[in-house]
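Engineer: Next comes model.cif, mmCIF, C-alpha atoms:
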```cif
data_run
#
loop_
_atom_site.label_atom_id
_atom_site.label_comp_id
_atom_site.auth_asym_id
_atom_site.auth_seq_id
_atom_site.Cartn_x
_atom_site.Cartn_y
_atom_site.Cartn_z
CA MET A 1 81.61 114.52 67.38
CA PRO A 2 82.15 112.05 70.27
CA GLN A 3 78.99 110.41 71.55
CA LEU A 4 78.19 111.40 75.15
CA ARG A 5 76.18 109.59 77.80
CA MET A 6 75.31 110.05 81.46
CA HIS A 7 75.90 107.57 84.28
CA GLY A 8 75.41 108.31 87.96
CA GLY A 9 75.19 112.00 87.23
CA TYR A 10 78.50 112.01 85.30
CA ARG A 11 78.80 112.71 81.59
CA TYR A 12 81.33 110.58 79.71
CA VAL A 13 82.48 109.86 76.17
CA VAL A 14 81.23 106.53 74.84
CA PRO A 15 84.17 104.23 73.99
CA PRO A 16 84.41 102.80 70.45
CA PHE A 17 83.46 99.25 71.50
CA ASP A 18 80.89 97.59 73.73
CA LEU A 19 81.65 97.08 77.40
CA PRO A 20 82.54 94.90 79.12
CA ALA A 21 85.13 94.01 76.50
CA SER A 22 86.93 90.68 76.14
CA LEU A 23 90.32 90.94 77.84
CA ALA A 24 93.80 89.78 76.88
CA LEU A 25 94.92 86.60 78.66
CA CYS A 26 98.29 85.05 79.49
CA GLN A 27 99.84 81.75 78.55
CA SER A 28 101.60 80.06 81.48
CA VAL A 29 105.32 79.33 81.19
CA ASP A 30 107.79 77.64 83.54
CA GLN A 31 110.41 80.41 83.67
CA VAL A 32 110.74 84.18 83.35
CA ARG A 33 112.01 85.25 79.96
CA GLY A 34 113.62 88.47 78.81
CA GLY A 35 115.40 89.58 75.66
CA PRO A 36 114.49 91.49 72.50
CA SER A 37 111.10 89.80 72.07
CA ILE A 38 109.88 91.04 75.48
CA ALA A 39 109.06 94.75 75.79
CA ALA A 40 108.43 94.71 79.53
CA LEU A 41 108.16 92.54 82.63
CA GLU A 42 105.36 93.34 85.09
CA PRO A 43 104.54 91.98 88.55
CA LYS A 44 101.53 89.65 88.74
CA PHE A 45 99.60 90.84 91.79
CA ASP A 46 97.32 88.53 93.77
CA GLY A 47 94.01 90.26 93.08
CA TRP A 48 90.88 90.46 90.92
CA ARG A 49 91.23 91.27 87.23
CA CYS A 50 88.92 94.05 86.12
CA GLN A 51 88.27 96.67 83.47
CA VAL A 52 87.30 100.22 84.39
CA LEU A 53 85.33 102.79 82.42
CA ALA A 54 86.90 105.87 84.01
CA GLY A 55 84.90 109.07 83.92
CA ALA A 56 81.66 107.10 84.23
CA GLY A 57 82.93 105.18 87.26
CA ARG A 58 82.03 101.65 86.18
CA LEU A 59 83.92 98.40 86.80
CA TRP A 60 83.54 94.87 85.47
CA SER A 61 85.25 91.60 86.33
CA ARG A 62 87.12 89.52 83.78
CA HIS A 63 83.92 87.53 83.22
CA GLY A 64 81.72 90.62 82.82
CA THR A 65 80.21 90.90 86.31
CA ASP A 66 79.43 94.51 87.24
CA LEU A 67 81.65 95.42 90.22
CA SER A 68 80.75 99.11 90.38
CA ALA A 69 78.78 98.83 93.64
CA SER A 70 81.11 96.33 95.33
CA PHE A 71 84.09 98.59 94.64
CA ALA A 72 82.35 101.95 94.75
CA ASP A 73 85.52 103.55 96.16
CA ILE A 74 87.51 102.68 93.03
CA ALA A 75 84.56 103.63 90.82
CA GLN A 76 84.44 107.05 92.49
CA ALA A 77 88.20 107.51 92.23
CA SER A 78 88.15 106.68 88.52
CA ARG A 79 85.80 109.59 87.86
CA ALA A 80 88.75 111.92 88.48
CA LEU A 81 90.50 110.48 85.40
CA PRO A 82 89.97 111.38 81.73
CA ASP A 83 87.42 109.28 79.86
CA CYS A 84 89.21 105.99 79.18
CA VAL A 85 88.98 102.22 79.56
CA LEU A 86 91.65 100.67 81.81
CA ASP A 87 92.67 97.06 82.37
CA GLY A 88 94.14 96.15 85.74
CA GLU A 89 94.05 94.23 89.00
CA LEU A 90 92.04 95.11 92.10
CA VAL A 91 94.11 94.47 95.23
CA ALA A 92 93.21 94.68 98.93
CA VAL A 93 95.96 96.28 101.03
CA LEU A 94 96.06 95.74 104.80
CA ASP A 95 97.24 98.43 107.21
CA SER A 96 100.53 96.52 107.38
CA GLY A 97 101.02 97.01 103.64
CA GLU A 98 100.48 93.32 102.83
CA LEU A 99 98.01 92.21 100.19
CA ALA A 100 95.07 90.04 101.26
CA PHE A 101 93.20 88.43 98.38
CA GLY A 102 90.46 87.05 100.64
CA LYS A 103 89.42 90.56 101.70
CA LEU A 104 88.20 91.27 98.17
CA GLN A 105 85.59 88.54 98.53
CA SER A 106 84.16 90.33 101.58
CA ARG A 107 83.13 93.18 99.26
CA SER A 108 81.03 90.93 97.04
CA GLY A 109 77.42 92.10 97.12
CA ARG A 110 78.15 94.55 99.94
CA GLY A 111 80.47 97.31 98.84
CA PRO A 112 82.83 99.40 100.98
CA ARG A 113 82.19 99.53 104.73
CA SER A 114 83.73 101.59 107.49
CA HIS A 115 86.53 100.06 109.58
CA GLU A 116 87.23 97.26 107.08
CA GLY A 117 90.89 97.12 108.05
CA PHE A 118 92.03 97.33 104.42
CA THR A 119 91.88 99.59 101.39
CA VAL A 120 91.34 98.64 97.77
CA HIS A 121 93.61 99.86 94.98
CA LEU A 122 93.66 99.36 91.24
CA ALA A 123 97.03 98.33 89.81
CA ALA A 124 96.49 99.44 86.20
CA PHE A 125 98.56 97.82 83.47
CA ASP A 126 96.88 98.73 80.18
CA VAL A 127 94.61 101.21 78.41
CA LEU A 128 92.08 99.95 75.87
CA ALA A 129 90.48 103.25 74.85
CA VAL A 130 90.84 106.98 75.40
CA GLY A 131 87.68 108.93 74.73
CA ASP A 132 86.23 107.51 71.53
CA THR A 133 89.60 106.26 70.22
CA ASP A 134 90.40 102.55 70.29
CA TRP A 135 93.94 102.10 71.64
CA ARG A 136 94.00 98.32 71.39
CA PRO A 137 95.59 98.25 67.89
CA LYS A 138 98.56 100.30 69.15
CA SER A 139 101.76 98.69 70.42
CA TYR A 140 102.37 97.89 74.07
CA SER A 141 104.95 100.69 74.41
CA GLU A 142 102.50 103.25 73.01
CA ARG A 143 99.75 102.09 75.34
CA ARG A 144 102.12 102.09 78.32
CA GLY A 145 103.16 105.68 77.63
CA ARG A 146 99.52 106.77 77.34
CA LEU A 147 98.63 104.94 80.55
CA LEU A 148 101.32 106.85 82.45
CA ASP A 149 100.05 110.13 81.03
CA LEU A 150 96.46 109.34 82.05
CA LEU A 151 97.42 108.43 85.63
CA GLU A 152 99.93 111.25 86.17
CA GLY A 153 98.66 113.26 89.14
CA GLY A 154 95.60 111.03 89.37
CA PRO A 155 93.96 109.44 92.42
CA PRO A 156 96.36 107.53 94.72
CA ALA A 157 94.04 104.51 94.65
CA ILE A 158 94.70 103.99 90.92
CA ARG A 159 98.36 103.61 90.02
CA PRO A 160 100.28 101.97 87.15
CA VAL A 161 102.07 98.69 87.80
CA PRO A 162 105.89 98.98 87.73
CA VAL A 163 107.74 97.58 84.72
CA THR A 164 111.32 96.49 84.06
CA ASP A 165 113.39 94.85 81.35
CA SER A 166 115.52 93.01 83.92
CA VAL A 167 114.66 89.40 84.76
CA ALA A 168 116.59 89.69 88.05
CA THR A 169 114.57 92.76 89.10
CA ALA A 170 111.30 91.07 88.19
CA LEU A 171 112.16 88.01 90.28
CA ASP A 172 113.09 90.26 93.19
CA TRP A 173 109.55 91.69 93.10
CA VAL A 174 108.13 88.25 93.87
CA GLY A 175 109.98 88.13 97.18
CA ALA A 176 110.10 91.82 98.05
CA LEU A 177 106.68 93.21 97.11
CA GLY A 178 103.85 91.83 99.22
CA GLY A 179 101.22 90.01 97.19
CA VAL A 180 103.27 89.54 94.02
CA GLU A 181 102.71 85.93 92.96
CA GLY A 182 104.55 85.95 89.66
CA VAL A 183 105.74 87.87 86.61
CA VAL A 184 103.97 88.78 83.36
CA MET A 185 106.05 89.12 80.18
CA LYS A 186 104.67 91.33 77.40
CA PRO A 187 105.91 91.74 73.82
CA ASN A 188 105.49 95.02 71.95
CA ARG A 189 102.26 93.95 70.26
CA PRO A 190 98.70 95.26 69.98
CA TYR A 191 96.14 94.37 72.63
CA VAL A 192 94.17 91.32 71.45
CA ALA A 193 91.43 89.51 73.37
CA GLY A 194 92.32 86.00 74.49
CA ARG A 195 95.94 84.90 74.05
CA GLY A 196 96.59 86.81 70.84
CA SER A 197 98.63 89.52 72.60
CA GLY A 198 101.43 87.06 73.31
CA TRP A 199 101.42 87.72 77.05
CA LEU A 200 103.25 85.12 79.14
CA LYS A 201 102.82 84.44 82.85
CA TRP A 202 105.14 82.75 85.32
CA ARG A 203 103.98 81.94 88.86
CA GLN A 204 106.20 81.04 91.78
CA MET A 205 105.43 77.49 92.83
CA HIS A 206 105.60 75.90 96.29
CA THR A 207 105.60 72.26 97.35
CA SER A 208 103.85 70.86 100.42
CA GLU A 209 101.93 67.78 101.50
CA ALA A 210 98.26 66.90 101.90
CA ALA A 211 96.07 63.93 102.71
CA VAL A 212 93.93 62.23 100.08
CA LEU A 213 90.23 62.43 101.02
CA GLY A 214 88.71 61.16 97.81
CA VAL A 215 88.84 60.73 94.04
CA SER A 216 86.82 62.71 91.50
CA GLY A 217 86.47 62.28 87.75
CA ARG A 218 84.63 59.78 85.60
CA THR A 219 87.50 58.81 83.28
CA PRO A 220 91.23 58.15 83.88
CA ALA A 221 92.14 61.37 82.04
CA THR A 222 89.96 63.47 84.38
CA GLN A 223 90.67 61.73 87.69
CA CYS A 224 91.79 64.14 90.39
CA LEU A 225 92.11 64.11 94.17
CA ILE A 226 90.22 65.78 96.98
CA LEU A 227 92.99 67.12 99.22
CA GLY A 228 92.76 67.64 102.97
CA LEU A 229 94.69 69.11 105.88
CA PRO A 230 94.18 68.98 109.66
CA HIS A 231 91.79 71.54 111.07
CA ARG A 232 90.61 72.36 114.58
CA GLY A 233 90.63 69.37 116.87
CA GLY A 234 92.68 67.36 114.39
CA ARG A 235 89.79 66.86 111.98
CA ILE A 236 90.85 66.59 108.33
CA ARG A 237 89.12 69.21 106.21
CA ALA A 238 89.03 69.49 102.40
CA VAL A 239 91.25 72.34 101.19
CA GLY A 240 91.30 71.82 97.45
CA VAL A 241 90.86 69.70 94.34
CA SER A 242 93.97 68.69 92.44
CA LEU A 243 94.61 68.96 88.74
CA PRO A 244 94.02 65.69 86.84
CA LEU A 245 96.58 63.08 87.86
CA GLY A 246 99.51 62.20 85.66
CA GLN A 247 99.52 58.64 84.38
CA THR A 248 102.47 57.47 86.51
CA VAL A 249 101.13 58.97 89.74
CA ARG A 250 97.65 57.61 89.05
CA HIS A 251 98.90 54.06 88.54
CA GLU A 252 100.98 54.17 91.73
CA LEU A 253 98.37 55.88 93.88
CA LEU A 254 95.00 54.34 93.13
CA PRO A 255 95.87 50.81 94.41
CA LEU A 256 96.79 52.37 97.79
CA LEU A 257 93.42 54.05 98.31
CA ARG A 258 90.72 52.30 100.36
CA PRO A 259 87.07 53.28 99.79
CA ALA A 260 85.28 54.87 102.74
CA GLY A 261 81.82 53.53 102.08
CA ASP A 262 79.75 53.21 98.92
CA THR A 263 78.14 56.65 98.93
CA GLU A 264 79.35 59.43 96.65
CA ALA A 265 80.06 62.72 98.45
CA GLU A 266 79.92 66.34 97.34
CA LEU A 267 81.88 69.54 97.96
CA PRO A 268 81.01 73.13 96.98
CA GLY A 269 82.71 74.30 93.80
CA THR A 270 84.53 76.96 95.80
CA VAL A 271 86.65 74.28 97.50
CA GLY A 272 88.15 73.54 94.11
CA GLY A 273 89.02 77.19 93.63
CA LEU A 274 86.04 77.75 91.37
CA PRO A 275 83.69 80.40 92.86
CA GLY A 276 80.19 79.90 91.52
CA ALA A 277 81.09 76.53 90.00
CA ASP A 278 78.99 73.39 90.28
CA PRO A 279 79.58 71.10 93.27
CA VAL A 280 82.43 68.59 93.03
CA HIS A 281 81.27 64.98 93.32
CA TYR A 282 83.78 62.43 94.53
CA ARG A 283 84.25 58.98 96.02
CA PRO A 284 85.56 59.24 99.62
CA VAL A 285 88.55 57.20 100.71
CA ILE A 286 90.03 56.49 104.12
CA PRO A 287 92.43 59.43 104.67
CA ASP A 288 95.64 57.52 105.32
CA VAL A 289 97.66 58.39 102.21
CA VAL A 290 99.81 61.54 101.95
CA VAL A 291 100.88 63.09 98.64
CA GLU A 292 103.32 65.86 97.76
CA ILE A 293 101.69 68.70 95.85
CA GLU A 294 102.82 71.77 93.97
CA ALA A 295 100.80 74.99 94.11
CA ASP A 296 101.26 78.69 93.41
CA GLN A 297 100.83 79.53 97.07
CA ALA A 298 102.63 78.20 100.13
CA GLY A 299 99.44 76.86 101.70
CA PRO A 300 95.66 77.35 101.84
CA ARG A 301 94.78 81.01 102.21
CA GLU A 302 91.44 82.66 101.59
CA PHE A 303 88.62 80.70 103.18
CA GLY A 304 91.00 77.86 104.07
CA ARG A 305 91.41 76.51 100.54
CA PHE A 306 93.79 76.56 97.61
CA ARG A 307 92.50 79.14 95.13
CA HIS A 308 94.22 77.44 92.16
CA ARG A 309 94.24 73.68 91.80
CA PRO A 310 97.50 72.04 92.98
CA ARG A 311 99.41 69.45 90.98
CA VAL A 312 100.10 66.07 92.60
CA LEU A 313 103.80 65.27 92.25
CA ARG A 314 104.26 61.97 94.07
CA ILE A 315 103.21 59.76 96.97
CA ARG A 316 104.84 60.46 100.33
CA ALA A 317 105.02 56.91 101.66
CA ASP A 318 107.40 58.14 104.36
CA MET A 319 104.73 60.38 105.92
CA ARG A 320 101.58 59.74 107.91
CA VAL A 321 98.53 61.99 107.98
CA ALA A 322 99.37 62.71 111.63
CA ASP A 323 102.62 64.33 110.40
CA LEU A 324 100.76 67.00 108.45
CA ALA A 325 100.80 70.52 109.85
CA SER A 326 97.64 72.55 110.19
CA PRO A 327 97.39 75.50 107.78
CA PRO A 328 98.11 78.92 109.32
#
```
Hey, can you dump this file as structure tokens for me?
Structural biologist:
Amino acid sequence: MPQLRMHGGYRYVVPPFDLPASLALCQSVDQVRGGPSIAALEPKFDGWRCQVLAGAGRLWSRHGTDLSASFADIAQASRALPDCVLDGELVAVLDSGELAFGKLQSRSGRGPRSHEGFTVHLAAFDVLAVGDTDWRPKSYSERRGRLLDLLEGGPPAIRPVPVTDSVATALDWVGALGGVEGVVMKPNRPYVAGRGSGWLKWRQMHTSEAAVLGVSGRTPATQCLILGLPHRGGRIRAVGVSLPLGQTVRHELLPLLRPAGDTEAELPGTVGGLPGADPVHYRPVIPDVVVEIEADQAGPREFGRFRHRPRVLRIRADMRVADLASPP
């Protein structure tokens, strides 16, 4: 007999593993791949990864934070589904139909509010359990078929992500579907926590320029840059922390930087795209050097920062800081 429990007045079947469960992760690649080894290509939406215990109406983040109150609308919608555990991406959709990642942060610790100007949806891409049966050992194609069955006729706020076996179609999604930042490639394997599922992820990259505001890192291998862009009134504001510098760029760049005093400075961890992370300590420099950077977004977005750390490609000796455009 399945084991039953109550949560929020709803009776549900206890899944065969503890929740929140460890989720499958992707390995980054530099191009989209197809062929016999790839069962499906899926769009990578710009949202928050989560797992959902449908029936009970509970949600957790990738790192195990309980999101049930913050996204009570999705929790409530999931209660209309059969008892199952879903893996997916929470996305905030504006009235215009565009996705707005930063709006998800406004829910943190607050939950849904009236007149928010956006709605939250769950783009579901996998099923980990149905009732008390563990579906993780089954192949991707089996899980995909079961996911479609579970969501058929279900709440509009919870829909399956589209899939294709065409690389051209998948790349078209990145430009045509608002909020698609890349493509996920999945082989026909079981669902394994970590990178054991063989999932691959490609993100569209963009190049732009930024000023160097400082250097962080205690060793050459960890040295990275504090990046800045003009803000209101022309003031340069920190918008991100780069990935560690490559050896060639580091050797060319560091002799050009001039210290701005002897005092170490500090930025919140969120500026480096790390919500909840420790502050970033760095040595300020006079902001008169411009570098070309590569990031998975065209410019700073939510809260005026790069969410993922950009890579420094080269020095732009032909540009001055005054040439930099303010972020939109």
Engineer: Need to verify the contact set: range 108-113 of chain A, 7 Å, all atoms listed in the file, exclusion of same-chain residues closer than 6 positions in sequence. Can you return it as a list in words?
Structural biologist: Ala69, Ser70, Phe71, Ala72 and Asp73 of chain A
Engineer: Given only C-alpha atoms as the basis, pick out the residue of A:Arg136, A:Arg283, A:Arg316, A:Arg232 nearest to Pro190 in chain A.
Structural biologist: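 Checking each of A:Arg136, A:Arg283, A:Arg316, A:Arg232 against Pro190 in chain A, counting only C-alpha atoms, the winner is A:Arg136.
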Engineer: Quick one: residues within 9 Å of Gly217 in chain A, only C-alpha atoms, excluding same-chain residues fewer than 4 positions away - as a PDB file with C-alpha atoms, in the frame of the given file?
Structural biologist:
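Dumped to result.pdb:
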```
ATOM      1  CA  ALA A 221      92.140  61.370  82.040  1.00  0.00           C
ATOM      2  CA  THR A 222      89.960  63.470  84.380  1.00  0.00           C
ATOM      3  CA  GLN A 223      90.670  61.730  87.690  1.00  0.00           C
ATOM      4  CA  CYS A 224      91.790  64.140  90.390  1.00  0.00           C
ATOM      5  CA  LEU A 225      92.110  64.110  94.170  1.00  0.00           C
ATOM      6  CA  PRO A 244      94.020  65.690  86.840  1.00  0.00           C
ATOM      7  CA  HIS A 281      81.270  64.980  93.320  1.00  0.00           C
ATOM      8  CA  TYR A 282      83.780  62.430  94.530  1.00  0.00           C
TER       9      TYR A 282
END
```
Engineer: Interatomic distance between CA of Asp66 in chain A and CA of Ser22 in chain A?
Structural biologist: 13.9 Å
Engineer: Using all atoms listed in the file, which residue out of A:Pro255, A:Gly228, A:Gly34, A:Pro2 lies closest to Ala168 in chain A?
Structural biologist: A:Gly34
Engineer: Working from the structure I just supplied, which lacks atoms in range 182-203 of chain A, can you model N, CA, C and O atoms there and output them as a PDB file, in the frame of the given file?
Structural biologist:
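Result saved to rebuild-v7.pdb:
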```pdb
ATOM      1  N   GLY A 182     103.879  86.374  90.872  1.00  0.00           N
ATOM      2  CA  GLY A 182     104.550  85.950  89.660  1.00  0.00           C
ATOM      3  C   GLY A 182     104.938  87.134  88.802  1.00  0.00           C
ATOM      4  O   GLY A 182     104.928  88.286  89.246  1.00  0.00           O
ATOM      5  N   VAL A 183     105.277  86.851  87.552  1.00  0.00           N
ATOM      6  CA  VAL A 183     105.740  87.870  86.610  1.00  0.00           C
ATOM      7  C   VAL A 183     104.999  87.676  85.292  1.00  0.00           C
ATOM      8  O   VAL A 183     104.807  86.545  84.830  1.00  0.00           O
ATOM      9  N   VAL A 184     104.594  88.796  84.675  1.00  0.00           N
ATOM     10  CA  VAL A 184     103.970  88.780  83.360  1.00  0.00           C
ATOM     11  C   VAL A 184     104.942  89.385  82.350  1.00  0.00           C
ATOM     12  O   VAL A 184     105.526  90.438  82.602  1.00  0.00           O
ATOM     13  N   MET A 185     105.128  88.690  81.234  1.00  0.00           N
ATOM     14  CA  MET A 185     106.050  89.120  80.180  1.00  0.00           C
ATOM     15  C   MET A 185     105.240  89.559  78.968  1.00  0.00           C
ATOM     16  O   MET A 185     104.397  88.799  78.480  1.00  0.00           O
ATOM     17  N   LYS A 186     105.492  90.776  78.474  1.00  0.00           N
ATOM     18  CA  LYS A 186     104.670  91.330  77.400  1.00  0.00           C
ATOM     19  C   LYS A 186     105.527  91.774  76.218  1.00  0.00           C
ATOM     20  O   LYS A 186     106.435  92.582  76.375  1.00  0.00           O
ATOM     21  N   PRO A 187     105.233  91.262  75.025  1.00  0.00           N
ATOM     22  CA  PRO A 187     105.910  91.740  73.820  1.00  0.00           C
ATOM     23  C   PRO A 187     105.302  93.069  73.363  1.00  0.00           C
ATOM     24  O   PRO A 187     104.248  93.484  73.863  1.00  0.00           O
ATOM     25  N   ASN A 188     105.940  93.713  72.423  1.00  0.00           N
ATOM     26  CA  ASN A 188     105.490  95.020  71.950  1.00  0.00           C
ATOM     27  C   ASN A 188     104.446  94.861  70.847  1.00  0.00           C
ATOM     28  O   ASN A 188     104.648  95.266  69.703  1.00  0.00           O
ATOM     29  N   ARG A 189     103.325  94.254  71.225  1.00  0.00           N
ATOM     30  CA  ARG A 189     102.260  93.950  70.260  1.00  0.00           C
ATOM     31  C   ARG A 189     100.979  94.704  70.603  1.00  0.00           C
ATOM     32  O   ARG A 189     100.828  95.232  71.693  1.00  0.00           O
ATOM     33  N   PRO A 190     100.018  94.708  69.663  1.00  0.00           N
ATOM     34  CA  PRO A 190      98.700  95.260  69.980  1.00  0.00           C
ATOM     35  C   PRO A 190      98.000  94.448  71.058  1.00  0.00           C
ATOM     36  O   PRO A 190      98.388  93.316  71.358  1.00  0.00           O
ATOM     37  N   TYR A 191      96.957  95.031  71.608  1.00  0.00           N
ATOM     38  CA  TYR A 191      96.140  94.370  72.630  1.00  0.00           C
ATOM     39  C   TYR A 191      95.070  93.544  71.914  1.00  0.00           C
ATOM     40  O   TYR A 191      94.223  94.088  71.193  1.00  0.00           O
ATOM     41  N   VAL A 192      95.102  92.229  72.114  1.00  0.00           N
ATOM     42  CA  VAL A 192      94.170  91.320  71.450  1.00  0.00           C
ATOM     43  C   VAL A 192      93.482  90.477  72.518  1.00  0.00           C
ATOM     44  O   VAL A 192      94.141  89.942  73.417  1.00  0.00           O
ATOM     45  N   ALA A 193      92.169  90.336  72.413  1.00  0.00           N
ATOM     46  CA  ALA A 193      91.430  89.510  73.370  1.00  0.00           C
ATOM     47  C   ALA A 193      91.916  88.066  73.305  1.00  0.00           C
ATOM     48  O   ALA A 193      92.388  87.596  72.275  1.00  0.00           O
ATOM     49  N   GLY A 194      91.816  87.361  74.433  1.00  0.00           N
ATOM     50  CA  GLY A 194      92.320  86.000  74.490  1.00  0.00           C
ATOM     51  C   GLY A 194      93.834  86.005  74.567  1.00  0.00           C
ATOM     52  O   GLY A 194      94.438  86.908  75.155  1.00  0.00           O
ATOM     53  N   ARG A 195      94.482  85.033  73.957  1.00  0.00           N
ATOM     54  CA  ARG A 195      95.940  84.900  74.050  1.00  0.00           C
ATOM     55  C   ARG A 195      96.677  85.466  72.838  1.00  0.00           C
ATOM     56  O   ARG A 195      97.855  85.212  72.638  1.00  0.00           O
ATOM     57  N   GLY A 196      95.979  86.265  72.041  1.00  0.00           N
ATOM     58  CA  GLY A 196      96.590  86.810  70.840  1.00  0.00           C
ATOM     59  C   GLY A 196      97.607  87.912  71.088  1.00  0.00           C
ATOM     60  O   GLY A 196      98.355  88.274  70.174  1.00  0.00           O
ATOM     61  N   SER A 197      97.655  88.460  72.304  1.00  0.00           N
ATOM     62  CA  SER A 197      98.630  89.520  72.600  1.00  0.00           C
ATOM     63  C   SER A 197     100.024  88.966  72.862  1.00  0.00           C
ATOM     64  O   SER A 197     100.988  89.730  72.932  1.00  0.00           O
ATOM     65  N   GLY A 198     100.132  87.659  73.047  1.00  0.00           N
ATOM     66  CA  GLY A 198     101.430  87.060  73.310  1.00  0.00           C
ATOM     67  C   GLY A 198     101.922  87.238  74.733  1.00  0.00           C
ATOM     68  O   GLY A 198     103.120  87.080  74.992  1.00  0.00           O
ATOM     69  N   TRP A 199     101.017  87.556  75.654  1.00  0.00           N
ATOM     70  CA  TRP A 199     101.420  87.720  77.050  1.00  0.00           C
ATOM     71  C   TRP A 199     101.763  86.360  77.650  1.00  0.00           C
ATOM     72  O   TRP A 199     101.066  85.366  77.409  1.00  0.00           O
ATOM     73  N   LEU A 200     102.821  86.338  78.447  1.00  0.00           N
ATOM     74  CA  LEU A 200     103.250  85.120  79.140  1.00  0.00           C
ATOM     75  C   LEU A 200     103.199  85.358  80.642  1.00  0.00           C
ATOM     76  O   LEU A 200     103.433  86.476  81.106  1.00  0.00           O
ATOM     77  N   LYS A 201     102.935  84.302  81.394  1.00  0.00           N
ATOM     78  CA  LYS A 201     102.820  84.440  82.850  1.00  0.00           C
ATOM     79  C   LYS A 201     103.586  83.321  83.536  1.00  0.00           C
ATOM     80  O   LYS A 201     103.424  82.141  83.201  1.00  0.00           O
ATOM     81  N   TRP A 202     104.431  83.709  84.479  1.00  0.00           N
ATOM     82  CA  TRP A 202     105.140  82.750  85.320  1.00  0.00           C
ATOM     83  C   TRP A 202     104.702  82.956  86.758  1.00  0.00           C
ATOM     84  O   TRP A 202     104.659  84.087  87.245  1.00  0.00           O
ATOM     85  N   ARG A 203     104.346  81.880  87.444  1.00  0.00           N
ATOM     86  CA  ARG A 203     103.980  81.940  88.860  1.00  0.00           C
ATOM     87  C   ARG A 203     105.010  81.189  89.688  1.00  0.00           C
ATOM     88  O   ARG A 203     105.473  80.120  89.300  1.00  0.00           O
TER      89      ARG A 203
END
```
